[in-house]
>>> print(open('run-v4.txt').read())   # compact mmCIF, C-alpha atoms
# COMPACT_ATOMS: atom_id res chain seq x y z
CA MET A 1 144.00 230.41 103.21
CA TYR A 2 144.47 229.99 106.92
CA ILE A 3 140.72 230.33 107.49
CA ASN A 4 139.92 227.64 104.90
CA ARG A 5 142.37 225.22 106.48
CA PHE A 6 140.84 225.88 109.90
CA MET A 7 137.31 225.27 108.59
CA ARG A 8 138.32 221.95 107.02
CA LYS A 9 139.81 220.78 110.35
CA PHE A 10 136.71 221.93 112.20
CA ARG A 11 134.39 220.03 109.86
CA LEU A 12 136.51 216.88 110.21
CA LEU A 13 136.47 217.19 114.00
CA PHE A 14 132.69 217.67 113.95
CA VAL A 15 132.13 214.55 111.82
CA ILE A 16 134.35 212.42 114.08
CA THR A 17 132.63 213.71 117.22
CA PHE A 18 129.15 213.07 115.75
CA PHE A 19 130.16 209.55 114.78
CA LEU A 20 131.51 208.75 118.26
CA VAL A 21 128.40 210.15 119.93
CA SER A 22 126.13 208.14 117.63
CA VAL A 23 128.00 204.91 118.35
CA PHE A 24 127.83 205.62 122.09
CA VAL A 25 124.06 206.25 121.93
CA LEU A 26 123.41 203.15 119.88
CA CYS A 27 125.50 200.94 122.13
CA ASN A 28 123.88 202.25 125.30
CA GLY A 29 120.36 202.18 123.83
CA LYS A 30 120.60 198.56 122.77
CA ARG A 31 119.12 195.96 125.12
CA LYS A 32 121.74 194.33 127.28
CA VAL A 33 120.02 191.09 128.07
CA ASN A 34 121.19 187.49 128.04
CA VAL A 35 118.54 184.77 127.90
CA GLY A 36 119.18 181.05 127.97
CA VAL A 37 117.57 177.79 129.01
CA VAL A 38 118.98 175.00 131.17
CA LYS A 39 117.63 171.76 132.51
CA ALA A 40 116.36 172.13 136.05
CA SER A 41 118.37 169.07 137.05
CA GLU A 42 121.58 170.99 136.28
CA GLN A 43 120.80 173.55 138.98
CA HIS A 44 121.73 172.32 142.44
CA ASN A 45 121.44 175.61 144.31
CA ALA A 46 118.78 178.29 144.54
CA VAL A 47 118.83 180.61 141.54
CA ILE A 48 117.20 183.96 140.78
CA ASN A 49 115.81 185.57 137.63
CA VAL A 50 114.50 182.30 136.23
CA VAL A 51 111.15 181.09 134.89
CA PRO A 52 110.60 177.34 135.37
CA TYR A 53 108.54 175.36 132.88
CA TYR A 54 107.67 171.77 132.04
CA LEU A 55 107.09 169.98 128.78
CA PRO A 56 104.04 167.74 128.48
CA LYS A 57 103.48 164.04 128.13
CA THR A 58 100.61 162.95 125.92
CA VAL A 59 97.70 161.11 127.51
CA PHE A 60 94.68 159.68 125.71
CA LYS A 61 91.23 160.62 126.95
CA ILE A 62 88.57 158.11 125.94
CA ASP A 63 84.98 159.33 126.26
CA ILE A 64 82.49 156.44 126.34
CA GLU A 65 78.82 157.26 125.85
CA ILE A 66 76.57 154.65 127.46
CA GLU A 67 72.81 154.30 127.14
CA LYS A 68 71.14 152.91 130.24
CA LYS A 69 67.64 151.45 129.99
CA VAL A 70 65.41 150.73 132.96
CA LYS A 71 62.39 148.47 132.31
CA LYS A 72 59.49 148.33 134.75
CA VAL A 73 56.66 145.79 134.61
CA GLY A 74 53.13 147.21 134.48
CA PRO A 75 50.71 146.04 137.19
CA PHE A 76 48.32 144.64 134.56
CA TYR A 77 50.89 143.07 132.21
CA ARG A 78 49.30 139.62 132.53
CA TYR A 79 46.10 140.94 130.93
CA SER A 80 47.77 142.88 128.09
CA GLU A 81 46.88 140.45 125.34
CA LYS A 82 43.42 139.63 126.70
CA PHE A 83 42.10 143.19 126.99
CA LEU A 84 44.32 145.23 124.61
CA ASN A 85 45.75 142.61 122.27
CA LEU A 86 49.31 143.62 123.26
CA SER A 87 52.01 140.97 123.07
CA ASP A 88 55.24 143.02 123.11
CA VAL A 89 55.22 144.09 126.76
CA VAL A 90 57.73 144.28 129.62
CA THR A 91 57.51 141.05 131.61
CA SER A 92 60.35 141.58 134.13
CA ASN A 93 62.09 144.47 135.86
CA GLU A 94 65.62 144.91 134.54
CA GLU A 95 68.43 147.29 133.69
CA SER A 96 70.47 147.10 130.52
CA TYR A 97 73.38 149.02 129.03
CA CYS A 98 74.80 149.51 125.56
CA ILE A 99 77.75 151.48 124.19
CA LYS A 100 76.50 154.25 121.91
CA SER A 101 79.84 155.82 120.95
CA ILE A 102 83.52 156.09 121.88
CA MET A 103 85.68 159.15 121.19
CA LEU A 104 89.45 159.41 121.60
CA THR A 105 91.27 162.71 122.09
CA SER A 106 94.73 163.69 123.31
CA VAL A 107 95.43 165.83 126.35
CA GLY A 108 98.67 167.11 127.83
CA LYS A 109 99.80 166.23 131.34
CA THR A 110 102.80 167.68 133.16
CA ASP A 111 105.92 165.59 132.57
CA TYR A 112 107.87 166.23 135.75
CA GLY A 113 110.90 164.54 134.22
CA LYS A 114 111.17 167.35 131.63
CA SER A 115 111.69 170.45 133.76
CA PHE A 116 113.64 173.51 132.54
CA LEU A 117 114.61 177.01 133.63
CA ILE A 118 114.62 180.12 131.45
CA LYS A 119 117.46 182.26 132.81
CA MET A 120 117.52 186.01 132.25
CA GLU A 121 120.40 188.40 132.85
CA GLY A 122 120.84 192.06 132.02
CA ASP A 123 118.71 195.20 132.03
CA GLY A 124 116.46 194.44 129.07
CA ASP A 125 112.78 193.63 129.16
CA ALA A 126 111.88 190.05 130.03
CA GLN A 127 110.02 187.93 127.52
CA ASN A 128 106.39 187.08 128.22
CA VAL A 129 106.43 183.35 129.02
CA THR A 130 103.01 181.70 128.81
CA LEU A 131 102.32 178.56 130.85
CA THR A 132 99.28 176.47 131.66
CA GLU A 133 98.00 176.44 135.22
CA ASN A 134 100.18 173.35 135.78
CA GLY A 135 103.37 174.93 134.47
CA VAL A 136 103.42 173.40 130.98
CA LEU A 137 104.94 175.67 128.35
CA CYS A 138 102.62 177.22 125.76
CA GLY A 139 105.13 179.61 124.25
CA ILE A 140 106.76 183.01 124.37
CA ASN A 141 104.62 186.11 123.84
CA VAL A 142 101.47 184.12 123.02
CA ASP A 143 97.96 184.08 124.43
CA SER A 144 97.23 181.92 127.44
CA TYR A 145 96.07 178.36 126.90
CA SER A 146 94.06 176.34 129.40
CA VAL A 147 94.60 172.60 129.72
CA ALA A 148 92.52 170.64 132.22
CA GLU A 149 94.72 167.93 133.65
CA ASN A 150 92.43 166.35 136.21
CA GLN A 151 89.54 164.46 134.68
CA ASP A 152 86.94 162.51 136.59
CA ASN A 153 86.70 158.92 135.47
CA ILE A 154 82.90 159.05 135.51
CA VAL A 155 80.85 161.97 134.24
CA VAL A 156 77.17 161.19 134.70
CA LEU A 157 74.97 163.70 132.93
CA ASN A 158 71.83 162.17 134.40
CA ASP A 159 70.96 158.89 135.97
CA ILE A 160 67.94 156.88 136.99
CA GLU A 161 67.42 153.90 139.24
CA PRO A 162 64.68 151.22 139.02
CA ASP A 163 62.92 152.67 142.07
CA ASP A 164 62.61 155.99 140.24
CA VAL A 165 60.38 154.40 137.58
CA THR A 166 56.83 154.20 138.94
CA PHE A 167 53.21 154.43 137.83
CA ASP A 168 52.29 156.97 140.49
CA GLY A 169 51.44 159.63 137.93
CA VAL A 170 48.49 157.69 136.51
CA PRO A 171 45.17 159.41 137.44
CA TYR A 172 43.39 156.31 138.74
CA LEU A 173 39.60 156.41 138.38
CA GLU A 174 37.20 155.77 141.25
CA LYS A 175 35.57 152.96 139.28
CA LEU A 176 38.97 151.30 138.94
CA LEU A 177 39.96 151.67 142.58
CA VAL A 178 36.79 150.09 143.95
CA LYS A 179 37.37 146.86 142.06
CA THR A 180 38.24 143.92 144.32
CA SER A 181 40.57 142.00 141.98
CA THR A 182 43.47 142.78 139.69
CA ALA A 183 41.60 141.29 136.72
CA ALA A 184 38.62 143.55 137.31
CA MET A 185 40.88 146.61 137.67
CA ALA A 186 42.65 145.70 134.43
CA GLU A 187 39.32 145.34 132.62
CA GLU A 188 38.15 148.74 133.85
CA ALA A 189 41.48 150.35 132.80
CA ALA A 190 41.24 148.80 129.32
CA SER A 191 37.67 150.06 129.01
CA TYR A 192 38.86 153.59 129.83
CA ILE A 193 41.58 153.38 127.17
CA TYR A 194 38.95 152.57 124.55
CA LYS A 195 36.85 155.50 125.76
CA ILE A 196 39.82 157.86 125.33
CA ARG A 197 40.39 156.64 121.78
CA LYS A 198 36.67 157.04 121.01
CA ARG A 199 36.71 160.62 122.30
CA LYS A 200 39.72 161.48 120.15
CA MET A 201 37.93 160.12 117.11
CA LYS A 202 34.80 162.16 117.86
CA ILE A 203 36.79 165.36 118.25
CA PHE A 204 38.56 165.01 114.93
CA THR A 205 35.43 163.94 113.09
CA SER A 206 33.51 166.89 114.62
CA ASP A 207 31.04 164.54 116.25
CA PHE A 208 30.70 166.59 119.47
CA GLU A 209 28.19 169.41 120.01
CA ASN A 210 30.80 171.59 121.77
CA LEU A 211 34.16 171.58 119.96
CA PRO A 212 37.43 173.40 120.71
CA PRO A 213 37.20 176.98 119.39
CA ASP A 214 40.48 177.09 117.43
CA GLY A 215 43.34 175.00 116.06
CA VAL A 216 45.58 175.58 119.08
CA SER A 217 42.92 174.15 121.37
CA TYR A 218 42.60 171.12 119.11
CA VAL A 219 46.33 170.46 119.46
CA LYS A 220 46.26 170.94 123.23
CA VAL A 221 43.32 168.58 123.70
CA ASP A 222 44.97 165.99 121.46
CA GLU A 223 48.22 166.19 123.46
CA GLU A 224 46.41 165.77 126.79
CA LEU A 225 44.45 162.78 125.54
CA ASP A 226 47.67 161.20 124.18
CA ILE A 227 49.34 161.57 127.58
CA LEU A 228 46.35 160.08 129.36
CA GLU A 229 46.16 157.16 126.94
CA ARG A 230 49.91 156.47 127.24
CA GLN A 231 49.74 156.46 131.04
CA PHE A 232 46.97 153.86 131.07
CA VAL A 233 48.56 151.72 128.34
CA GLU A 234 51.78 151.63 130.40
CA LEU A 235 49.82 149.89 133.15
CA PHE A 236 49.69 146.95 130.73
CA ALA A 237 52.77 147.36 128.50
CA GLY A 238 55.16 148.59 131.21
CA LYS A 239 57.67 151.45 131.12
CA ILE A 240 61.05 151.77 129.43
CA VAL A 241 63.12 154.79 130.48
CA SER A 242 66.47 155.60 128.84
CA VAL A 243 69.25 157.89 130.06
CA THR A 244 72.71 158.72 128.73
CA LYS A 245 75.86 158.41 130.81
CA HIS A 246 79.40 159.49 129.91
CA TYR A 247 82.49 157.78 131.25
CA VAL A 248 85.97 159.23 130.78
CA VAL A 249 88.92 156.84 130.88
CA GLU A 250 92.48 158.13 130.63
CA TYR A 251 95.32 156.06 129.26
CA GLU A 252 99.02 156.92 129.28
CA PRO A 253 100.95 155.08 126.55
CA GLY A 254 104.23 153.37 127.35
CA LEU A 255 107.50 154.67 125.97
CA GLN A 256 107.76 151.91 123.36
CA GLY A 257 104.07 151.59 122.61
CA ASP A 258 101.65 149.02 124.01
CA LYS A 259 100.37 145.73 122.77
CA ARG A 260 96.77 144.81 123.44
CA ASN A 261 95.88 146.04 126.94
CA VAL A 262 92.50 146.01 128.67
CA LEU A 263 91.16 149.57 128.67
CA PHE A 264 87.95 148.77 130.57
CA ARG A 265 85.35 146.02 130.80
CA PHE A 266 81.71 146.22 129.81
CA SER A 267 78.61 144.34 130.86
CA GLU A 268 75.14 144.65 129.36
CA LYS A 269 73.73 144.25 132.87
CA ASN A 270 76.14 146.44 134.83
CA GLY A 271 77.63 148.86 132.28
CA ILE A 272 81.25 150.07 132.55
CA LEU A 273 83.38 147.99 134.90
CA ASP A 274 86.93 148.12 136.18
CA ARG A 275 89.38 146.30 133.93
CA MET A 276 90.05 143.82 136.74
CA ASP A 277 86.35 142.89 137.03
CA LEU A 278 86.09 139.63 135.11
CA SER A 279 82.29 139.75 135.03
CA GLY A 280 82.47 142.01 131.99
CA THR A 281 83.90 141.54 128.52
CA PRO A 282 87.15 143.44 127.84
CA VAL A 283 87.55 146.42 125.55
CA TYR A 284 91.20 146.68 124.47
CA ILE A 285 93.57 149.44 123.45
CA GLU A 286 96.64 149.05 121.23
CA VAL A 287 99.27 151.76 120.77
CA GLU A 288 101.82 151.18 118.03
CA ASN A 289 104.90 153.38 117.99
CA LEU A 290 105.30 154.05 114.28
CA GLU A 291 108.81 154.43 112.90
CA VAL A 292 109.71 158.11 112.91
CA LYS A 293 112.95 159.46 111.47
CA MET A 294 114.82 160.98 114.40
CA LEU A 295 117.38 163.72 114.14
CA PRO A 296 120.90 162.30 114.70
CA GLU A 297 122.55 162.79 118.05
CA GLY A 298 125.09 165.60 118.15
CA VAL A 299 123.16 168.03 115.96
CA PHE A 300 123.25 170.30 118.98
CA GLU A 301 126.43 170.60 120.98
CA LYS A 302 126.45 168.46 124.08
CA LYS A 303 129.05 170.61 125.79
CA HIS A 304 127.74 174.08 126.22
CA ARG A 305 128.04 177.02 128.50
CA ILE A 306 125.38 177.13 131.23
CA GLY A 307 122.52 179.40 130.17
CA ASN A 308 123.57 179.42 126.52
CA GLN A 309 120.94 177.02 125.18
CA GLY A 310 117.66 177.96 123.58
CA LEU A 311 114.11 176.91 124.31
CA PHE A 312 113.64 173.16 124.71
CA PHE A 313 110.74 171.55 122.88
CA ILE A 314 109.75 168.09 121.60
CA ASN A 315 109.66 166.67 118.11
CA PRO A 316 106.74 164.28 118.81
CA GLY A 317 106.51 160.80 117.38
CA LEU A 318 103.59 159.26 115.53
CA ALA A 319 101.46 156.49 117.00
CA LYS A 320 98.64 154.34 115.68
CA VAL A 321 95.95 153.85 118.30
CA LYS A 322 93.28 151.15 118.14
CA ILE A 323 90.34 150.51 120.46
CA ILE A 324 89.00 147.00 120.00
CA ASP A 325 85.74 145.48 121.20
CA LYS A 326 85.36 141.71 120.75
CA ASN A 327 88.18 141.68 118.17
CA ILE A 328 86.40 144.36 116.14
CA PRO A 329 88.28 147.71 115.84
CA ILE A 330 85.89 150.52 116.71
CA ILE A 331 88.52 153.29 116.63
CA GLU A 332 91.71 153.42 114.59
CA LYS A 333 93.59 156.69 114.22
CA GLU A 334 97.09 158.15 114.09
CA VAL A 335 98.06 160.70 116.72
CA GLN A 336 101.20 162.50 117.83
CA VAL A 337 102.69 161.42 121.14
CA SER A 338 105.36 163.41 122.97
CA GLN A 339 106.80 160.31 124.70
CA PHE A 340 107.66 158.81 121.30
CA GLY A 341 109.52 161.93 120.17
CA GLN A 342 112.87 163.60 120.69
CA LEU A 343 113.92 166.50 122.90
CA LEU A 344 115.35 169.39 120.86
CA SER A 345 116.52 172.93 121.52
CA LEU A 346 116.20 176.17 119.58
CA PRO A 347 119.28 178.39 119.06
CA SER A 348 119.78 180.53 122.14
CA GLU A 349 119.96 183.77 120.10
CA ILE A 350 116.27 183.48 119.19
CA LEU A 351 115.17 184.23 122.74
CA LYS A 352 117.19 187.46 122.72
CA LYS A 353 115.28 188.89 119.78
CA GLU A 354 112.77 191.60 120.58
CA ALA A 355 109.06 190.85 120.07
CA ILE A 356 109.78 187.21 119.21
CA CYS A 357 106.68 184.99 119.24
CA ILE A 358 107.14 181.24 119.81
CA LYS A 359 104.17 178.88 120.09
CA VAL A 360 104.51 175.40 121.62
CA SER A 361 101.80 172.73 121.89
CA PRO A 362 100.88 172.04 125.54
CA VAL A 363 99.63 168.60 124.46
CA THR A 364 102.61 167.23 122.52
CA GLY A 365 105.37 169.77 123.26
CA ALA A 366 105.80 170.35 119.52
CA LEU A 367 107.09 173.64 118.14
CA LEU A 368 104.10 175.14 116.31
CA ASN A 369 105.27 178.54 115.17
CA ILE A 370 108.05 181.14 115.36
CA GLY A 371 107.22 184.69 114.37
CA VAL A 372 107.38 188.34 115.35
CA LEU A 373 104.70 190.27 117.19
CA LYS A 374 102.97 192.82 115.02
>>> encode(input="run-v4.txt", output="structure tokens")
Amino acid sequence: MYINRFMRKFRLLFVITFFLVSVFVLCNGKRKVNVGVVKASEQHNAVINVVPYYLPKTVFKIDIEIEKKVKKVGPFYRYSEKFLNLSDVVTSNEESYCIKSIMLTSVGKTDYGKSFLIKMEGDGDAQNVTLTENGVLCGINVDSYSVAENQDNIVVLNDIEPDDVTFDGVPYLEKLLVKTSTAAMAEEAASYIYKIRKRKMKIFTSDFENLPPDGVSYVKVDEELDILERQFVELFAGKIVSVTKHYVVEYEPGLQGDKRNVLFRFSEKNGILDRMDLSGTPVYIEVENLEVKMLPEGVFEKKHRIGNQGLFFINPGLAKVKIIDKNIPIIEKEVQVSQFGQLLSLPSEILKKEAICIKVSPVTGALLNIGVLK
């Protein structure tokens, strides 16, 4: 009887001890970390254990593709119709430009007015904060994201000047060079063009004693004769050389949207011009701040304990962007703009969760995703 009573007390003591030990282990094994976010402007002194980040402002990047044409008069252009019956020839040296396409995309730039600090306290593991090279937030525990902030206004893939267009590659004949007048040289050049055409006809009608041995040789001979004929015809018809140039113009929309503003000016003779250069016709941009339902003020407490807020992000607004050339819209699209949106904050407890994954757009500052690392 005494032994049974003793065993019951021992078992009860063992259960209580095991429970207390388990609670102690769980409490000490749990992460003791406090994570919060504050505005950088609220910190007036140097602080430690913080990660600074910025939110972005949205900037429009307009890529303009321009075709540049350089026309060069042939030395025998006056005799084009007389000797070759050509009427559509280059009669003056000139440059001309035309707009081939315009593309509008959004990029993120650092908004230095939206600067924040992620504060960490305790002995837990810090969250992996991902930023762009300019300090703009991409998220928590996400892959890195590269955003190029500095764009050159002019990106020339290739270019050509009038002096680069010459007729130096033409294999002038001795008979042509010994002529004493331009008219005689033109007549000799026209005669050679007709000889080239006659030779091509003989080859393809098998009218020569010695013919190319195979089909590949036929093609090669035909290509060489075509090049030779084109070079001599250009002495009469002139040359037209085209190149493509890309210009990148950046535009930052105003906080309330923008009425019709000059984006750049364009001239068929001089190409892309500064918007203050009145020698070109204007190409306009309009940015309309569409009505977006905003969350009411006071959804989040205004009075809070320092370091007890969650991650700040932006609920971007919607804008309608138009690019207009001579009163004709050439681009009209709706895009999200961070400047038209509202600054919001996540609950602070989210940052304390282990393996939390938060993705933020480095272009608009919008919250893209909240999940858990697998």
>>> closest_residue(input="run-v4.txt", among="A:Tyr97, A:Tyr192, A:Tyr53, A:Phe204", to="Ile272 in chain A", atoms="all atoms listed in the file")
A:Tyr97
>>> residues_near_point(input="run-v4.txt", point="(96.7, 160.4, 116.1)", cutoff="10 Å", atoms="all atoms listed in the file", output="tab-separated table (two decimals) with C-alpha atoms, in the frame of the given file")
chain	number	residue	atom	x	y	z
A	60	PHE	CA	94.68	159.68	125.71
A	104	LEU	CA	89.45	159.41	121.60
A	105	THR	CA	91.27	162.71	122.09
A	106	SER	CA	94.73	163.69	123.31
A	317	GLY	CA	106.51	160.80	117.38
A	318	LEU	CA	103.59	159.26	115.53
A	319	ALA	CA	101.46	156.49	117.00
A	320	LYS	CA	98.64	154.34	115.68
A	321	VAL	CA	95.95	153.85	118.30
A	332	GLU	CA	91.71	153.42	114.59
A	333	LYS	CA	93.59	156.69	114.22
A	334	GLU	CA	97.09	158.15	114.09
A	335	VAL	CA	98.06	160.70	116.72
A	336	GLN	CA	101.20	162.50	117.83
A	337	VAL	CA	102.69	161.42	121.14
>>> residues_around(input="run-v4.txt", residues="range 166-172 of chain A", least_positions_apart="6", cutoff="8 Å", atoms="all atoms listed in the file", output="PDB file with C-alpha atoms, in the coordinates of the input")
ATOM      1  CA  LYS A  72      59.490 148.330 134.750  1.00  0.00           C
ATOM      2  CA  GLY A  74      53.130 147.210 134.480  1.00  0.00           C
ATOM      3  CA  LEU A 228      46.350 160.080 129.360  1.00  0.00           C
ATOM      4  CA  GLN A 231      49.740 156.460 131.040  1.00  0.00           C
ATOM      5  CA  PHE A 232      46.970 153.860 131.070  1.00  0.00           C
ATOM      6  CA  LEU A 235      49.820 149.890 133.150  1.00  0.00           C
TER       7      LEU A 235
END
>>> residues_around(input="run-v4.txt", residues="Glu250 in chain A", least_positions_apart="2", cutoff="9 Å", atoms="only C-alpha atoms", output="MDAnalysis selection string")
chainID A and resid 59:63 151 153 248 252 263
>>> closest_residue(input="run-v4.txt", among="A:Thr281, A:Thr182, A:Ser361, A:Ser348", to="Ile314 in chain A", atoms="all atoms listed in the file")
A:Ser361
>>> residues_around(input="run-v4.txt", residues="Gly341 in chain A", least_positions_apart="4", cutoff="12 Å", atoms="all atoms listed in the file", output="list in words")
Pro56, Lys57, Thr58, Leu255, Gln256, Gly257, Asn289, Leu290, Glu291, Val292, Lys293, Met294, Leu295, Phe313, Ile314, Asn315, Pro316, Gly317, Leu318, Ala319, Gln336, Val337, Thr364, Gly365 and Ala366 of chain A
>>> closest_residue(input="run-v4.txt", among="A:Ser242, A:Asn261, A:Asn134, A:Thr110", to="Ile323 in chain A", atoms="only C-alpha atoms")
A:Asn261
>>> closest_residue(input="run-v4.txt", among="A:Gly139, A:Pro75, A:Pro162, A:Pro282", to="Phe312 in chain A", atoms="only C-alpha atoms")
A:Gly139
>>> atom_distance(input="run-v4.txt", atom1="CA of Gly310 in chain A", atom2="CA of Gly113 in chain A")
18.4 Å
>>> atom_distance(input="run-v4.txt", atom1="CA of Val90 in chain A", atom2="CA of Glu223 in chain A")
24.7 Å
>>> residues_around(input="run-v4.txt", residues="Arg78 in chain A", least_positions_apart="3", cutoff="12 Å", atoms="all atoms listed in the file", output="number ranges by chain")
A: 73-75, 81-92, 182-183, 186-187, 235-238
>>> residues_around(input="run-v4.txt", residues="Ser115 in chain A", least_positions_apart="6", cutoff="7 Å", atoms="all atoms listed in the file", output="number ranges by chain")
A: 39-40, 53-55
>>> closest_residue(input="run-v4.txt", among="A:Ile370, A:Val287, A:Cys98, A:Ile160", to="Ile324 in chain A", atoms="all atoms listed in the file")
A:Val287
>>> closest_residue(input="run-v4.txt", among="A:Val38, A:Val136, A:Leu131, A:Cys357", to="Asp111 in chain A", atoms="only C-alpha atoms")
A:Val136
>>> residues_near_point(input="run-v4.txt", point="(99.4, 177.2, 115.2)", cutoff="8 Å", atoms="all atoms listed in the file", output="list in words")
Lys359, Leu368 and Asn369 of chain A
>>> atom_distance(input="run-v4.txt", atom1="CA of Pro362 in chain A", atom2="CA of Leu137 in chain A")
6.1 Å
>>> build_atoms(input="run-v4.txt", residues="range 344-363 of chain A", atoms="N, CA and C atoms", output="PDB file, in the coordinates of the input")
ATOM      1  N   LEU A 344     114.505 168.509 121.671  1.00  0.00           N
ATOM      2  CA  LEU A 344     115.350 169.390 120.860  1.00  0.00           C
ATOM      3  C   LEU A 344     115.436 170.761 121.513  1.00  0.00           C
ATOM      4  N   SER A 345     116.341 171.596 120.969  1.00  0.00           N
ATOM      5  CA  SER A 345     116.520 172.930 121.520  1.00  0.00           C
ATOM      6  C   SER A 345     116.671 173.936 120.376  1.00  0.00           C
ATOM      7  N   LEU A 346     116.029 175.084 120.531  1.00  0.00           N
ATOM      8  CA  LEU A 346     116.200 176.170 119.580  1.00  0.00           C
ATOM      9  C   LEU A 346     117.542 176.863 119.812  1.00  0.00           C
ATOM     10  N   PRO A 347     118.074 177.581 118.829  1.00  0.00           N
ATOM     11  CA  PRO A 347     119.280 178.390 119.060  1.00  0.00           C
ATOM     12  C   PRO A 347     119.014 179.424 120.154  1.00  0.00           C
ATOM     13  N   SER A 348     119.973 179.632 121.007  1.00  0.00           N
ATOM     14  CA  SER A 348     119.780 180.530 122.140  1.00  0.00           C
ATOM     15  C   SER A 348     119.547 181.978 121.711  1.00  0.00           C
ATOM     16  N   GLU A 349     120.078 182.379 120.542  1.00  0.00           N
ATOM     17  CA  GLU A 349     119.960 183.770 120.100  1.00  0.00           C
ATOM     18  C   GLU A 349     118.513 184.156 119.810  1.00  0.00           C
ATOM     19  N   ILE A 350     117.663 183.154 119.525  1.00  0.00           N
ATOM     20  CA  ILE A 350     116.270 183.480 119.190  1.00  0.00           C
ATOM     21  C   ILE A 350     115.559 184.143 120.354  1.00  0.00           C
ATOM     22  N   LEU A 351     115.835 183.667 121.578  1.00  0.00           N
ATOM     23  CA  LEU A 351     115.170 184.230 122.740  1.00  0.00           C
ATOM     24  C   LEU A 351     115.573 185.679 123.012  1.00  0.00           C
ATOM     25  N   LYS A 352     116.717 186.095 122.474  1.00  0.00           N
ATOM     26  CA  LYS A 352     117.190 187.460 122.720  1.00  0.00           C
ATOM     27  C   LYS A 352     116.563 188.478 121.768  1.00  0.00           C
ATOM     28  N   LYS A 353     115.890 187.985 120.746  1.00  0.00           N
ATOM     29  CA  LYS A 353     115.280 188.890 119.780  1.00  0.00           C
ATOM     30  C   LYS A 353     114.064 189.570 120.397  1.00  0.00           C
ATOM     31  N   GLU A 354     113.910 190.852 120.060  1.00  0.00           N
ATOM     32  CA  GLU A 354     112.770 191.600 120.580  1.00  0.00           C
ATOM     33  C   GLU A 354     111.495 191.163 119.859  1.00  0.00           C
ATOM     34  N   ALA A 355     110.393 191.134 120.605  1.00  0.00           N
ATOM     35  CA  ALA A 355     109.060 190.850 120.070  1.00  0.00           C
ATOM     36  C   ALA A 355     108.991 189.492 119.368  1.00  0.00           C
ATOM     37  N   ILE A 356     109.840 188.547 119.811  1.00  0.00           N
ATOM     38  CA  ILE A 356     109.780 187.210 119.210  1.00  0.00           C
ATOM     39  C   ILE A 356     108.536 186.494 119.723  1.00  0.00           C
ATOM     40  N   CYS A 357     107.896 185.731 118.882  1.00  0.00           N
ATOM     41  CA  CYS A 357     106.680 184.990 119.240  1.00  0.00           C
ATOM     42  C   CYS A 357     106.911 183.514 118.936  1.00  0.00           C
ATOM     43  N   ILE A 358     106.903 182.676 119.964  1.00  0.00           N
ATOM     44  CA  ILE A 358     107.140 181.240 119.810  1.00  0.00           C
ATOM     45  C   ILE A 358     105.944 180.495 120.401  1.00  0.00           C
ATOM     46  N   LYS A 359     105.334 179.634 119.626  1.00  0.00           N
ATOM     47  CA  LYS A 359     104.170 178.880 120.090  1.00  0.00           C
ATOM     48  C   LYS A 359     104.524 177.403 120.188  1.00  0.00           C
ATOM     49  N   VAL A 360     104.221 176.805 121.345  1.00  0.00           N
ATOM     50  CA  VAL A 360     104.510 175.400 121.620  1.00  0.00           C
ATOM     51  C   VAL A 360     103.212 174.696 122.029  1.00  0.00           C
ATOM     52  N   SER A 361     103.012 173.481 121.541  1.00  0.00           N
ATOM     53  CA  SER A 361     101.800 172.730 121.890  1.00  0.00           C
ATOM     54  C   SER A 361     101.880 172.229 123.328  1.00  0.00           C
ATOM     55  N   PRO A 362     100.890 172.563 124.169  1.00  0.00           N
ATOM     56  CA  PRO A 362     100.880 172.040 125.540  1.00  0.00           C
ATOM     57  C   PRO A 362     100.403 170.600 125.626  1.00  0.00           C
ATOM     58  N   VAL A 363     100.068 169.996 124.480  1.00  0.00           N
ATOM     59  CA  VAL A 363      99.630 168.600 124.460  1.00  0.00           C
ATOM     60  C   VAL A 363     100.757 167.667 124.034  1.00  0.00           C
TER      61      VAL A 363
END
